[in-house]
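**Q** Dropping in entry-v9.cif, with mmCIF, C-alpha atoms.
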```cif
data_model
#
loop_
_atom_site.label_atom_id
_atom_site.label_comp_id
_atom_site.auth_asym_id
_atom_site.auth_seq_id
_atom_site.Cartn_x
_atom_site.Cartn_y
_atom_site.Cartn_z
CA LEU A 1093 94.38 98.82 132.28
CA VAL A 1094 95.34 95.22 132.88
CA PRO A 1095 93.24 92.42 131.36
CA GLY A 1096 91.22 90.38 133.80
CA ALA A 1097 91.78 86.69 134.35
CA GLY A 1098 88.96 85.67 132.05
CA GLY A 1099 87.34 87.27 129.06
CA PRO A 1100 87.90 90.33 126.93
CA VAL A 1101 88.79 93.74 128.26
CA ALA A 1102 86.98 96.92 127.34
CA SER A 1103 88.92 99.27 125.10
CA PRO A 1104 90.50 102.13 127.03
CA THR A 1105 89.12 105.63 126.88
CA VAL A 1106 91.47 108.17 125.34
CA THR A 1107 91.78 111.80 126.17
CA ASP A 1108 93.95 113.95 123.97
CA PRO A 1109 97.34 114.78 125.48
CA PRO A 1110 98.49 118.39 125.71
CA ALA A 1111 99.32 119.74 122.24
CA ASP A 1112 102.95 120.31 123.18
CA ARG A 1113 103.48 116.73 124.37
CA PRO A 1114 102.00 113.74 122.53
CA GLU A 1115 101.03 110.70 124.57
CA PRO A 1116 103.70 107.98 124.30
CA ILE A 1117 102.93 104.41 123.34
CA PHE A 1118 104.49 103.07 126.57
CA HIS A 1119 105.46 104.41 129.99
CA ALA A 1120 108.45 102.85 131.75
CA ASP A 1121 107.79 101.63 135.29
CA GLY A 1122 111.05 100.12 136.52
CA ASP A 1123 111.77 97.16 134.25
CA LEU A 1124 108.16 97.04 133.05
CA LEU A 1125 106.71 98.86 130.06
CA VAL A 1126 103.12 99.91 130.60
CA PRO A 1127 101.21 100.50 127.34
CA THR A 1128 98.99 103.53 126.86
CA ALA A 1129 95.84 103.55 124.77
CA ASN A 1130 98.03 104.38 121.73
CA ALA A 1131 99.44 100.83 121.86
CA VAL A 1132 96.05 99.20 121.31
CA GLY A 1133 95.35 97.84 117.85
CA PRO A 1134 92.06 98.11 115.96
CA TRP A 1135 91.50 94.35 115.56
CA PHE A 1136 90.73 93.14 119.08
CA PRO A 1137 89.80 95.14 122.17
CA GLY A 1138 92.50 95.11 124.82
CA VAL A 1139 95.25 93.77 122.53
CA LEU A 1140 98.41 95.61 121.45
CA HIS A 1141 99.17 96.23 117.79
CA GLY A 1142 102.28 94.66 116.31
CA GLY A 1143 104.02 98.00 115.73
CA ALA A 1144 104.10 98.71 119.45
CA VAL A 1145 105.59 95.28 120.18
CA ALA A 1146 108.09 95.70 117.35
CA ALA A 1147 109.18 99.07 118.69
CA VAL A 1148 109.95 97.78 122.19
CA SER A 1149 111.89 94.83 120.79
CA LEU A 1150 114.16 97.17 118.80
CA ARG A 1151 114.43 99.52 121.78
CA ALA A 1152 115.85 96.63 123.78
CA VAL A 1153 118.41 95.89 121.04
CA GLU A 1154 119.47 99.55 120.86
CA ARG A 1155 120.17 99.51 124.61
CA LEU A 1156 122.49 96.50 124.45
CA PRO A 1157 126.16 97.40 124.73
CA SER A 1158 128.70 96.46 122.08
CA ALA A 1159 132.46 96.87 121.92
CA VAL A 1160 132.20 98.64 118.53
CA PRO A 1161 129.43 100.70 116.87
CA MET A 1162 126.75 98.40 115.44
CA GLN A 1163 123.51 98.76 113.51
CA PRO A 1164 120.66 96.28 113.03
CA ALA A 1165 120.92 94.64 109.62
CA ARG A 1166 118.22 91.97 109.92
CA TRP A 1167 115.34 91.81 112.35
CA THR A 1168 112.64 89.16 112.62
CA LEU A 1169 109.66 89.34 114.99
CA ASP A 1170 107.39 86.41 115.78
CA LEU A 1171 104.12 87.32 117.48
CA SER A 1172 103.25 83.94 118.94
CA ARG A 1173 99.98 85.11 120.49
CA ARG A 1174 97.95 88.21 121.16
CA VAL A 1175 99.79 90.65 123.41
CA PRO A 1176 97.31 91.85 126.06
CA HIS A 1177 97.06 95.53 126.98
CA GLY A 1178 98.99 95.28 130.21
CA PRO A 1179 102.51 95.65 131.55
CA ILE A 1180 105.18 93.81 129.59
CA ARG A 1181 108.80 93.01 130.28
CA VAL A 1182 111.35 92.92 127.45
CA ARG A 1183 114.51 90.81 127.78
CA ALA A 1184 117.38 91.03 125.32
CA GLU A 1185 120.37 88.70 125.26
CA VAL A 1186 123.45 88.65 123.06
CA LEU A 1187 123.77 85.13 121.63
CA ARG A 1188 126.94 85.71 119.64
CA ASP A 1189 129.24 88.66 120.16
CA GLY A 1190 131.89 89.26 117.56
CA ARG A 1191 133.96 92.12 116.22
CA ARG A 1192 131.94 92.34 113.00
CA LEU A 1193 128.53 91.00 113.91
CA GLN A 1194 126.34 90.35 116.89
CA SER A 1195 123.35 88.04 117.15
CA VAL A 1196 120.64 89.08 119.63
CA ALA A 1197 117.48 87.38 120.96
CA VAL A 1198 114.64 89.42 122.43
CA ASP A 1199 111.68 88.08 124.41
CA VAL A 1200 108.54 90.13 125.09
CA VAL A 1201 106.92 88.74 128.23
CA HIS A 1202 103.45 89.35 129.63
CA ASP A 1203 102.43 87.81 132.94
CA GLY A 1204 105.45 85.46 132.88
CA GLU A 1205 104.65 84.14 129.40
CA VAL A 1206 106.63 84.88 126.22
CA VAL A 1207 104.16 86.47 123.79
CA ALA A 1208 106.64 87.62 121.12
CA ARG A 1209 110.22 86.82 120.20
CA ALA A 1210 112.63 88.73 117.97
CA THR A 1211 116.01 87.81 116.54
CA VAL A 1212 118.33 90.55 115.37
CA LEU A 1213 121.62 90.52 113.51
CA ARG A 1214 123.70 93.64 114.14
CA LEU A 1215 126.64 94.53 111.90
CA ARG A 1216 129.61 96.71 112.69
CA THR A 1217 129.44 100.18 111.15
CA GLY A 1218 132.14 102.62 110.14
CA ASP A 1219 135.49 100.97 109.46
CA GLY A 1220 133.95 97.53 109.90
CA VAL A 1221 131.74 95.40 107.68
CA VAL A 1222 129.21 98.07 106.64
CA PRO A 1223 130.87 101.08 104.96
CA ASP A 1224 129.49 104.51 105.89
CA ASP A 1225 128.56 105.32 102.28
CA VAL A 1226 125.92 102.56 102.09
CA LEU A 1227 124.18 103.48 105.35
CA PRO A 1228 121.07 105.66 105.05
CA GLU A 1229 121.38 109.26 106.11
CA PRO A 1230 119.81 110.00 109.50
CA TRP A 1231 116.41 111.69 109.32
CA PRO A 1232 117.08 115.43 109.66
CA GLU A 1233 115.58 117.20 112.66
CA ASP A 1234 114.60 120.14 110.44
CA ALA A 1235 113.07 118.05 107.63
CA PRO A 1236 110.60 120.02 105.52
CA PRO A 1237 106.91 119.12 105.59
CA PRO A 1238 105.43 117.03 102.77
CA PRO A 1239 104.98 118.86 99.44
CA PRO A 1240 101.60 120.54 98.77
CA GLU A 1241 100.68 117.91 96.16
CA ALA A 1242 100.70 115.32 98.97
CA GLY A 1243 97.32 116.68 100.03
CA GLU A 1244 95.81 116.54 103.46
CA PRO A 1245 96.65 113.70 105.86
CA HIS A 1246 94.55 110.56 105.45
CA VAL A 1247 92.40 109.95 108.49
CA LEU A 1248 91.07 106.49 109.28
CA GLN A 1249 87.41 106.95 110.11
CA GLY A 1250 85.78 105.50 113.17
CA GLU A 1251 88.99 105.07 115.14
CA ALA A 1252 88.44 106.81 118.47
CA PHE A 1253 91.66 105.41 119.92
CA SER A 1254 94.68 103.29 119.20
CA TYR A 1255 97.80 103.49 117.17
CA VAL A 1256 96.14 104.90 114.06
CA ARG A 1257 96.16 108.27 115.82
CA CYS A 1258 99.96 108.08 116.05
CA PHE A 1259 100.58 108.16 112.30
CA GLU A 1260 99.98 110.55 109.46
CA THR A 1261 99.87 109.29 105.89
CA ARG A 1262 99.80 111.28 102.67
CA ARG A 1263 99.83 110.23 99.05
CA ILE A 1264 102.87 111.82 97.41
CA GLY A 1265 103.06 110.05 94.08
CA VAL A 1266 102.45 106.86 92.17
CA VAL A 1267 105.18 104.45 91.14
CA GLY A 1268 104.92 103.02 87.64
CA GLY A 1269 102.32 105.45 86.26
CA GLY A 1270 99.27 103.67 87.72
CA ARG A 1271 96.29 105.40 89.29
#
```
Now, as a test, write the supplied structure out as structure tokens.

**A**
Amino acid sequence: LVPGAGGPVASPTVTDPPADRPEPIFHADGDLLVPTANAVGPWFPGVLHGGAVAAVSLRAVERLPSAVPMQPARWTLDLSRRVPHGPIRVRAEVLRDGRRLQSVAVDVVHDGEVVARATVLRLRTGDGVVPDDVLPEPWPEDAPPPPPEAGEPHVLQGEAFSYVRCFETRRIGVVGGGR
């Protein structure tokens, strides 16, 4: 679904993917990323939600080569305008490449126009600047499900499509003793 030259675009119709394979947020088509209905936000028809744009900007950073192992330490995303539900191109460029840190710029482009821009600072891991003992543990593949007191997943009502179907939220506890 690509927005027309003038006016809003109807929200896409969603059919549930097979149970064994969830529908992705984007499909790669050469150097383009084509959003699925799961990339659409709830605020405006035919417009991507910020989480989808954020994800592709970090994906571009992860794919950049570096001489030593690096991990993002700071990431800033500027959504300069609405990102239409249509093919986007993501360009990442290393601005400063050092042994301990790397500065990266990412542009998200729709129809030849930059619609979002990210800047990322990557720091060397391991024997470099960031010691292994301060890095978070990777999320385990065999992580247990939420505890029973978390209750059933919260479902946003009235959302027939979009990214809200991609997430599950549960209340596990309250910080500070409040309600």

**Q** Once the PyMOL selection byres ((chain A and resi 1199-1203) around 12) has been evaluated on this model, what residues remain selected, and can you format them as a VMD selection string?

**A** chain A and resid 1094 to 1097 1123 to 1127 1139 to 1140 1142 1144 to 1153 1168 to 1186 1196 to 1198 1204 to 1212

**Q** Figure out the distance between atom CA of Pro1236 of chain A and atom CA of Gly1218 of chain A, please, to one decimal in Å.

**A** 28.1 Å

**Q** Pick out the residues sitting within 9 Å of segment 1160-1165 of chain A, and hand them over as a VMD selection string; count all atoms listed in the file, and ignore anything fewer than 5 positions along from it in its own chain.

**A** chain A and resid 1150 1153 to 1154 1191 to 1194 1212 to 1218 1220 1222
